[in-house]
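Next up, query21.txt (compact mmCIF, C-alpha atoms and all ligand atoms):
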# COMPACT_ATOMS: atom_id res chain seq x y z
CA MET A 1 6.89 102.42 -48.75
CA LYS A 2 5.98 98.75 -48.93
CA ILE A 3 4.61 97.00 -45.88
CA ARG A 4 6.70 93.87 -45.33
CA PRO A 5 5.57 91.60 -42.47
CA ARG A 6 8.13 89.08 -43.70
CA ARG A 7 11.01 91.14 -42.18
CA LEU A 8 10.36 89.67 -38.75
CA ARG A 9 10.02 86.12 -40.13
CA ARG A 10 13.47 86.13 -41.73
CA THR A 11 15.49 84.11 -39.14
CA PRO A 12 14.57 81.57 -36.45
CA LEU A 13 15.74 84.00 -33.76
CA LEU A 14 13.60 86.83 -35.06
CA ARG A 15 10.59 84.52 -35.22
CA GLU A 16 11.28 83.32 -31.69
CA MET A 17 11.59 86.92 -30.50
CA VAL A 18 8.19 87.97 -31.81
CA ALA A 19 6.27 84.77 -30.98
CA GLU A 20 3.02 85.79 -29.29
CA THR A 21 2.26 82.43 -27.71
CA ARG A 22 4.52 80.10 -25.76
CA VAL A 23 3.66 76.82 -24.07
CA HIS A 24 5.52 76.04 -20.84
CA PRO A 25 5.57 72.54 -19.26
CA ARG A 26 3.80 73.97 -16.20
CA GLN A 27 0.77 74.60 -18.43
CA LEU A 28 0.42 70.94 -19.36
CA ILE A 29 -1.54 68.34 -17.40
CA GLN A 30 -1.03 64.65 -18.11
CA ALA A 31 -4.03 62.36 -17.61
CA HIS A 32 -3.64 58.85 -16.10
CA PHE A 33 -5.93 55.82 -15.90
CA VAL A 34 -5.58 53.98 -12.59
CA VAL A 35 -6.74 50.37 -12.17
CA ASP A 36 -7.29 48.09 -9.16
CA ASP A 37 -4.47 45.60 -9.78
CA PRO A 38 -1.48 47.43 -8.24
CA ALA A 39 1.09 46.02 -10.69
CA ALA A 40 -0.94 46.26 -13.92
CA LYS A 41 0.24 48.10 -17.01
CA VAL A 42 -2.12 47.50 -19.91
CA ALA A 43 -2.03 49.18 -23.31
CA ILE A 44 -5.16 50.94 -24.63
CA ALA A 45 -5.56 49.96 -28.28
CA SER A 46 -7.13 53.22 -29.45
CA MET A 47 -4.67 55.42 -27.55
CA PRO A 48 -1.13 54.34 -28.49
CA GLY A 49 1.39 55.30 -25.81
CA ILE A 50 -1.22 55.47 -23.01
CA GLN A 51 -1.73 52.64 -20.53
CA ARG A 52 -4.07 51.75 -17.74
CA MET A 53 -1.81 51.45 -14.74
CA GLY A 54 -1.85 50.05 -11.23
CA VAL A 55 -0.54 52.34 -8.55
CA GLU A 56 3.08 51.08 -8.62
CA PRO A 57 3.73 51.62 -12.35
CA LEU A 58 1.86 54.92 -11.92
CA VAL A 59 4.32 56.04 -9.25
CA ASP A 60 7.23 55.25 -11.63
CA ARG A 61 5.55 57.02 -14.52
CA ILE A 62 4.78 60.15 -12.52
CA GLY A 63 8.31 60.16 -11.10
CA GLY A 64 9.58 60.34 -14.70
CA ASP A 65 7.04 63.02 -15.58
CA LEU A 66 8.22 65.20 -12.68
CA GLU A 67 11.76 65.06 -14.07
CA LEU A 68 10.43 66.35 -17.37
CA GLY A 69 8.76 69.26 -15.58
CA LEU A 70 5.22 67.88 -15.64
CA THR A 71 4.04 68.66 -12.15
CA THR A 72 0.28 68.13 -12.48
CA ALA A 73 -1.42 64.75 -12.84
CA LEU A 74 -5.12 64.15 -13.53
CA LEU A 75 -6.36 60.77 -12.26
CA PHE A 76 -9.23 58.65 -13.55
CA GLY A 77 -10.19 55.51 -11.62
CA ILE A 78 -11.08 52.49 -13.74
CA THR A 79 -12.84 49.79 -11.78
CA LYS A 80 -14.74 46.57 -12.36
CA GLU A 81 -16.81 47.21 -9.22
CA LYS A 82 -19.94 48.71 -10.72
CA ASP A 83 -23.46 49.08 -9.33
CA PRO A 84 -26.45 51.42 -9.84
CA LEU A 85 -25.29 53.95 -7.25
CA ALA A 86 -21.54 53.92 -8.01
CA SER A 87 -20.67 52.81 -4.49
CA SER A 88 -17.04 52.10 -5.40
CA ALA A 89 -16.66 55.76 -6.41
CA THR A 90 -17.78 57.14 -3.06
CA ASN A 91 -15.75 54.71 -0.94
CA PRO A 92 -13.17 56.68 1.11
CA ASP A 93 -10.78 53.72 0.78
CA GLY A 94 -11.56 53.13 -2.89
CA LEU A 95 -9.17 52.92 -5.78
CA VAL A 96 -8.59 56.63 -6.37
CA PRO A 97 -8.23 57.62 -2.68
CA ARG A 98 -5.66 54.81 -2.26
CA ALA A 99 -3.73 55.99 -5.33
CA ILE A 100 -3.79 59.60 -4.07
CA ARG A 101 -2.40 58.56 -0.66
CA ARG A 102 0.38 56.54 -2.27
CA LEU A 103 1.34 59.38 -4.64
CA ARG A 104 1.27 61.92 -1.83
CA GLU A 105 3.47 59.69 0.31
CA GLU A 106 5.95 59.34 -2.57
CA PHE A 107 6.01 62.88 -3.95
CA GLY A 108 4.66 65.18 -1.20
CA SER A 109 4.00 68.69 -2.46
CA ARG A 110 6.15 68.25 -5.60
CA LEU A 111 3.07 66.92 -7.37
CA THR A 112 -0.30 68.60 -7.90
CA ILE A 113 -3.01 65.96 -7.92
CA VAL A 114 -6.26 66.57 -9.78
CA THR A 115 -9.01 63.93 -9.79
CA ASP A 116 -11.92 63.42 -12.13
CA VAL A 117 -15.20 63.32 -10.21
CA CYS A 118 -17.91 61.48 -12.12
CA LEU A 119 -20.04 58.41 -11.60
CA CYS A 120 -19.87 56.93 -15.11
CA GLY A 121 -16.84 54.69 -14.43
CA SER A 122 -18.58 53.08 -11.44
CA THR A 123 -22.24 52.82 -12.46
CA ASP A 124 -23.38 49.56 -14.05
CA HIS A 125 -25.46 51.59 -16.55
CA GLY A 126 -22.50 53.83 -17.48
CA HIS A 127 -24.27 57.17 -16.99
CA CYS A 128 -22.70 60.07 -15.12
CA GLY A 129 -25.55 60.32 -12.60
CA VAL A 130 -28.26 58.24 -10.94
CA LEU A 131 -30.65 56.57 -13.39
CA ARG A 132 -34.40 56.29 -12.68
CA ALA A 133 -36.75 54.89 -15.33
CA GLY A 134 -34.18 55.53 -18.03
CA GLN A 135 -33.64 59.18 -16.99
CA VAL A 136 -30.52 60.61 -15.38
CA VAL A 137 -31.90 62.36 -12.32
CA ASN A 138 -30.07 65.50 -11.35
CA ASP A 139 -30.53 66.24 -7.67
CA GLU A 140 -30.20 62.66 -6.46
CA SER A 141 -26.81 62.50 -8.15
CA LEU A 142 -25.38 65.47 -6.24
CA PRO A 143 -24.81 63.78 -2.84
CA LEU A 144 -22.97 60.90 -4.55
CA LEU A 145 -20.74 63.27 -6.50
CA SER A 146 -20.12 65.26 -3.32
CA ALA A 147 -19.17 62.12 -1.40
CA MET A 148 -16.77 61.15 -4.18
CA ALA A 149 -15.14 64.59 -4.12
CA VAL A 150 -14.81 64.53 -0.33
CA ALA A 151 -13.20 61.06 -0.49
CA HIS A 152 -10.62 62.34 -2.97
CA ALA A 153 -9.98 65.55 -1.07
CA GLU A 154 -9.62 63.75 2.25
CA ALA A 155 -7.04 61.45 0.68
CA GLY A 156 -5.05 64.50 -0.39
CA ALA A 157 -6.18 65.65 -3.85
CA ASP A 158 -5.32 69.31 -4.43
CA ILE A 159 -8.07 69.83 -6.98
CA VAL A 160 -11.29 67.92 -7.67
CA ALA A 161 -12.70 68.12 -11.18
CA PRO A 162 -16.41 67.30 -11.61
CA SER A 163 -17.09 66.10 -15.17
CA ASP A 164 -20.67 64.85 -14.79
CA MET A 165 -22.53 67.99 -16.00
CA MET A 166 -25.33 67.77 -13.43
CA ASP A 167 -26.80 71.20 -12.64
CA GLY A 168 -25.71 72.60 -9.28
CA ARG A 169 -22.84 70.21 -8.72
CA VAL A 170 -20.18 72.85 -8.17
CA ALA A 171 -22.22 74.44 -5.37
CA ALA A 172 -22.96 70.99 -3.90
CA LEU A 173 -19.29 69.98 -3.96
CA ARG A 174 -18.16 73.29 -2.43
CA GLU A 175 -20.65 72.96 0.38
CA ALA A 176 -19.72 69.33 1.08
CA LEU A 177 -15.98 70.04 0.98
CA ASP A 178 -16.32 73.01 3.32
CA ALA A 179 -18.53 71.04 5.71
CA ALA A 180 -15.86 68.33 5.85
CA GLY A 181 -13.19 70.91 6.74
CA LEU A 182 -11.69 70.76 3.24
CA SER A 183 -12.05 74.39 2.32
CA ASP A 184 -8.56 74.47 0.74
CA THR A 185 -9.42 71.88 -1.90
CA ALA A 186 -9.98 73.65 -5.22
CA ILE A 187 -12.67 72.84 -7.77
CA LEU A 188 -11.82 72.67 -11.46
CA SER A 189 -15.20 72.45 -13.09
CA TYR A 190 -15.63 70.74 -16.43
CA SER A 191 -17.91 73.73 -16.90
CA THR A 192 -18.36 73.64 -20.64
CA LYS A 193 -18.44 69.99 -21.64
CA PHE A 194 -20.02 69.10 -24.94
CA ALA A 195 -21.79 65.84 -25.84
CA SER A 196 -18.97 64.83 -28.15
CA ALA A 197 -18.01 61.85 -30.26
CA PHE A 198 -14.39 62.77 -29.57
CA TYR A 199 -14.61 60.92 -26.22
CA GLY A 200 -14.83 57.54 -27.97
CA PRO A 201 -11.34 56.21 -27.20
CA PHE A 202 -11.60 57.37 -23.57
CA ARG A 203 -14.77 55.38 -23.07
CA GLU A 204 -12.93 52.30 -24.27
CA ALA A 205 -10.05 53.10 -21.90
CA ALA A 206 -12.34 53.81 -18.95
CA ASP A 207 -15.02 51.26 -19.76
CA SER A 208 -17.56 54.01 -19.17
CA LYS A 209 -19.81 53.87 -22.22
CA PRO A 210 -23.53 54.25 -21.41
CA GLN A 211 -25.29 50.87 -21.72
CA ALA A 212 -28.30 52.61 -23.24
CA GLY A 213 -28.84 56.09 -24.65
CA ASP A 214 -26.32 58.88 -24.80
CA ARG A 215 -25.20 61.85 -22.70
CA LYS A 216 -27.11 64.52 -24.60
CA SER A 217 -29.56 65.21 -21.77
CA TYR A 218 -26.72 66.50 -19.59
CA GLN A 219 -23.73 67.42 -21.78
CA LEU A 220 -23.91 70.52 -24.01
CA ASP A 221 -25.11 70.57 -27.60
CA PRO A 222 -22.05 71.20 -29.83
CA ARG A 223 -24.08 73.75 -31.80
CA ASN A 224 -24.49 76.13 -28.85
CA ALA A 225 -21.94 78.84 -28.10
CA ARG A 226 -24.09 81.18 -26.00
CA GLU A 227 -25.17 78.36 -23.73
CA ALA A 228 -21.52 77.29 -23.44
CA VAL A 229 -20.55 80.69 -22.06
CA ARG A 230 -23.53 80.67 -19.71
CA GLU A 231 -22.46 77.31 -18.22
CA SER A 232 -19.07 78.80 -17.38
CA GLN A 233 -20.71 81.82 -15.71
CA ILE A 234 -23.03 79.62 -13.65
CA ASP A 235 -20.12 77.50 -12.41
CA THR A 236 -18.09 80.58 -11.50
CA GLU A 237 -21.05 81.87 -9.47
CA GLU A 238 -21.33 78.48 -7.77
CA GLY A 239 -17.71 78.73 -6.66
CA ALA A 240 -15.56 77.01 -9.29
CA ASP A 241 -11.91 77.98 -8.90
CA MET A 242 -11.08 77.03 -12.47
CA LEU A 243 -13.12 76.42 -15.62
CA MET A 244 -12.74 74.06 -18.54
CA VAL A 245 -13.72 73.73 -22.16
CA LYS A 246 -13.90 70.16 -23.46
CA PRO A 247 -13.19 68.99 -26.14
CA ALA A 248 -10.75 71.68 -27.25
CA LEU A 249 -9.79 71.44 -30.90
CA SER A 250 -13.25 71.86 -32.43
CA TYR A 251 -14.15 74.42 -29.75
CA LEU A 252 -11.38 77.02 -29.97
CA ASP A 253 -14.03 79.70 -30.57
CA ILE A 254 -15.66 78.76 -27.27
CA ILE A 255 -12.29 78.94 -25.50
CA GLY A 256 -11.89 82.42 -26.99
CA HIS A 257 -15.34 83.59 -25.85
CA ILE A 258 -14.91 82.29 -22.31
CA ALA A 259 -11.31 83.50 -21.94
CA ALA A 260 -12.48 87.00 -22.84
CA THR A 261 -14.97 87.14 -19.97
CA CYS A 262 -13.98 84.69 -17.23
CA GLU A 263 -12.03 85.78 -14.20
CA VAL A 264 -10.56 82.42 -13.18
CA PRO A 265 -7.97 80.18 -14.89
CA LEU A 266 -9.27 78.39 -17.97
CA VAL A 267 -8.28 74.86 -18.94
CA ALA A 268 -8.65 73.20 -22.36
CA TYR A 269 -9.10 69.42 -22.51
CA ASN A 270 -7.39 68.02 -25.61
CA VAL A 271 -9.47 64.83 -25.45
CA SER A 272 -8.87 61.21 -26.36
CA GLY A 273 -10.33 61.33 -29.89
CA GLU A 274 -8.19 64.35 -30.74
CA TYR A 275 -5.14 62.41 -29.52
CA SER A 276 -6.04 59.21 -31.34
CA MET A 277 -6.58 60.97 -34.68
CA VAL A 278 -3.09 62.46 -34.51
CA LYS A 279 -1.59 59.11 -33.49
CA ALA A 280 -3.36 57.22 -36.27
CA ALA A 281 -2.31 59.67 -38.99
CA ALA A 282 1.26 59.79 -37.66
CA GLU A 283 1.50 55.98 -37.63
CA ARG A 284 0.62 55.99 -41.31
CA GLY A 285 3.21 58.62 -42.03
CA TRP A 286 0.54 61.06 -43.18
CA ILE A 287 1.50 63.88 -40.83
CA ASP A 288 4.58 64.91 -38.88
CA GLU A 289 3.48 64.18 -35.32
CA GLY A 290 5.79 66.58 -33.47
CA SER A 291 4.88 69.54 -35.66
CA VAL A 292 1.17 68.79 -35.50
CA VAL A 293 1.15 68.38 -31.71
CA THR A 294 3.12 71.61 -31.30
CA GLU A 295 0.64 73.44 -33.51
CA ILE A 296 -2.36 71.97 -31.65
CA LEU A 297 -1.07 72.82 -28.17
CA HIS A 298 -0.16 76.37 -29.19
CA SER A 299 -3.58 76.84 -30.78
CA MET A 300 -5.29 76.06 -27.48
CA VAL A 301 -3.13 78.50 -25.54
CA ARG A 302 -3.41 81.12 -28.30
CA ALA A 303 -7.21 80.80 -28.13
CA GLY A 304 -7.05 81.71 -24.44
CA SER A 305 -6.49 78.60 -22.30
CA ASP A 306 -4.12 78.98 -19.41
CA LEU A 307 -3.61 75.22 -19.12
CA VAL A 308 -4.07 72.20 -21.38
CA ILE A 309 -4.91 68.67 -20.32
CA THR A 310 -3.35 66.48 -22.98
CA TYR A 311 -2.29 62.87 -23.50
CA HIS A 312 0.59 64.25 -25.61
CA ALA A 313 2.24 66.04 -22.65
CA ARG A 314 4.93 63.55 -21.72
CA GLU A 315 5.99 62.73 -25.26
CA ALA A 316 6.02 66.41 -26.26
CA LEU A 317 8.49 67.19 -23.47
CA GLN A 318 10.50 63.99 -23.86
CA LYS A 319 11.01 64.64 -27.55
CA GLY A 320 11.54 68.40 -27.18
CA TRP A 321 8.64 69.23 -29.48
CA LEU A 322 7.81 72.47 -27.69
CA LYS A 323 11.33 73.90 -27.84
C1 LIG B 1 -16.29 61.25 -17.51
C2 LIG B 1 -15.29 61.78 -18.48
C3 LIG B 1 -15.21 61.59 -19.86
C4 LIG B 1 -14.02 62.20 -20.26
C5 LIG B 1 -13.45 62.78 -19.13
N1 LIG B 1 -14.28 62.52 -18.04
C6 LIG B 1 -16.06 60.83 -20.80
C7 LIG B 1 -17.46 61.15 -21.02
O1 LIG B 1 -18.01 62.15 -20.56
O2 LIG B 1 -18.07 60.32 -21.69
C8 LIG B 1 -13.46 62.21 -21.65
C9 LIG B 1 -11.98 62.40 -21.75
C10 LIG B 1 -11.39 62.10 -23.07
O3 LIG B 1 -12.08 61.77 -24.06
O4 LIG B 1 -10.15 62.19 -23.14
N2 LIG B 1 -17.56 61.75 -17.58

Take the structure in the file and write it out as structure tokens.
Amino acid sequence: MKIRPRRLRRTPLLREMVAETRVHPRQLIQAHFVVDDPAAKVAIASMPGIQRMGVEPLVDRIGGDLELGLTTALLFGITKEKDPLASSATNPDGLVPRAIRRLREEFGSRLTIVTDVCLCGSTDHGHCGVLRAGQVVNDESLPLLSAMAVAHAEAGADIVAPSDMMDGRVAALREALDAAGLSDTAILSYSTKFASAFYGPFREAADSKPQAGDRKSYQLDPRNAREAVRESQIDTEEGADMLMVKPALSYLDIIGHIAATCEVPLVAYNVSGEYSMVKAAAERGWIDEGSVVTEILHSMVRAGSDLVITYHAREALQKGWLK
């Protein structure tokens, strides 16, 4: 007898029948960049197809996304109001809280709103925490991050997602949310976030590049897998409702390790640089974009992610790439 795995690859229907991994629109999260000017819609050069949007174009865009079956939106606030202590980020009537209220008024519970919680977009030095003598100080950053999360949750965010990588921030956020009577707001921790060059295009989009130094004193070293798993365990103990691995494509092994042990939903962040590389190669006709995106998104789910944050989400559904 010859062993013939090809039998089940013979027809499209057979292949479909035995597929081990499927990606459903509910597993995809589209990220959005919100700006102060309510009517703005500005292209981001390094991320073709993605714009910075004021709240009104954002409402239109998300309305279209909902029709495609994309029911979760991740919001980043992009502001020109920057100072050492990120005061625009903690303002209860700031940019992101206003956008959340408007989206909630428009879409009610049809939309799940996730917000990025980090100081880097609102600090004049561009670091994710408070800077003292050139050092990012951990514990002083926690009350600011907590205030930011409470402002988002009070405005109606379903899930707050701290991406700063300060130690103890999940516990600090949970305590602050509960103290403010917001015990139903979930925390999606960017638990395993590497110091990665794949964030380059995002930093252009968000204007959040550090003025001096880098993020290596708080984000993980890309060489460390054991430490990556430990970060996810710490955040689970601190009360994270969901975990994340970011970036995703060069870290599928980490997704696999964490998925095997974690007991909460796991999210992969298919980051800006991963998106831009695909876009650039596709523009040159070097790869078939739809097939590559389909392969990438399935690889993240196959590795063990329950959900994927990706800038490709809308286009993938619009163009039927995942069918
Ligand atoms: C904020 C933040 C970053 C990203 C998400 N939240 C940038 C960074 O840490 O420098 C990157 C997202 C992407 O590249 O798509 N801290």

Counting only C-alpha atoms and all ligand atoms, what residues are within 10 Å of ligand LIG 1 (chain B), given as a PyMOL selection string? chain A and resi 31+47+75-76+115-121+126-129+161-165+190+193-210+214-215+218-219+246-247+269-276+309-311

What lies within 9 Å of segment 59-65 of chain A using all atoms listed in the file, ignoring chain neighbours under 2 positions off, as a ChimeraX atom specification? /A:30,54-57,67-71,73,99,102-103,106-107,111,314

Just checking: using all atoms listed in the file, which residue out of A:Lys319, A:Arg223, A:His24, A:Arg7 ends up closest to Tyr251 of chain A? A:Arg223

Out of A:Glu140, A:Ala316, A:Ala153, A:Pro48, which residue has the shortest atom-to-atom distance to Met277 of chain A when counting all atoms listed in the file?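 Smallest distance to Met277 of chain A is found for A:Pro48.
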
Which neighbours of segment 259-262 of chain A fall inside 7 Å, counting all atoms listed in the file, when residues of the same chain fewer than 3 positions from it are skipped, and could you give them as a PyMOL selection string? chain A and resi 255-256+266+304-305

Atom CA of Glu263 of chain A and atom CA of Glu175 of chain A, how far apart in Å? 21.2 Å

Name all residues at most 8 Å from Gln51 of chain A (count only C-alpha atoms; drop same-chain ones fewer than 2 positions away) and give them as a PyMOL selection string. chain A and resi 32-33+41-44+49+53

Using only C-alpha atoms, find the one residue out of A:Gly168, A:Gly239, A:Gly94, A:Gly213 that sits nearest to Gly77 of chain A.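 So, comparing all the options, the nearest one is A:Gly94.
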
Would you pick out the contacts of Thr236 of chain A at 12 Å or less, using all atoms listed in the file, so that residues sharing its chain but fewer than 5 positions from it are not included, and give the list as a list in words? Gly168, Arg169, Val170, Ala171, Arg174, Ile187, Leu188, Ser189, Tyr190, Ser191, Thr192, Val229, Arg230, Glu231, Asp241, Met242, Leu243, Met244, Ile258, Thr261, Cys262, Glu263, Val264, Pro265 and Leu266 of chain A

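Picture a line from atom CA of Leu95 of chain A to atom CA of His152 of chain A; it runs 9.9 Å.
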
Which residues are close to segment 13-22 of chain A, i.e. within 9 Å by all atoms listed in the file, leaving aside same-chain residues fewer than 4 positions away? Reply as an NGL selection string. :A and (7-9 or 298-299 or 301-302 or 322)

Which of these, A:Leu131, A:Ala281, A:Ala248, A:Leu144, has the shortest distance to Ala303 of chain A once you count only C-alpha atoms?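 The shortest atom-to-atom distance to Ala303 of chain A comes from A:Ala248.
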
Can you work out which one of A:Gly285, A:Pro92, A:Asp37, A:His125 has the shortest atom-to-atom distance to Glu154 of chain A, counting all atoms listed in the file?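 Checking each candidate against Glu154 of chain A, we get A:Pro92 as the closest.
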
Atom pair atom CA of Ala86 of chain A / atom CA of Val130 of chain A: separation (Å):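 If I compute the distance from atom CA of Ala86 of chain A to atom CA of Val130 of chain A, I get 8.5 Å.
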
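When only C-alpha atoms are used to measure the gap to Ser146 of chain A, the shortest distance among A:Leu173, A:Ala133, A:Leu74, A:Leu317 belongs to A:Leu173.
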
Work out where the centre of an axis-aligned box around every listed atom of segment 176-189 of chain A lies and how long its edges are once 4 Å is added on each side; give both in Å to one decimal as JSON.
{"center_x": -14.1, "center_y": 71.4, "center_z": -3.2, "size_x": 19.2, "size_y": 14.1, "size_z": 27.8}

Nearby residues, (-7.7, 71.2, -1.9) file frame, 8 Å, all atoms listed in the file, as a PyMOL selection string: chain A and resi 153+156-160+182-187
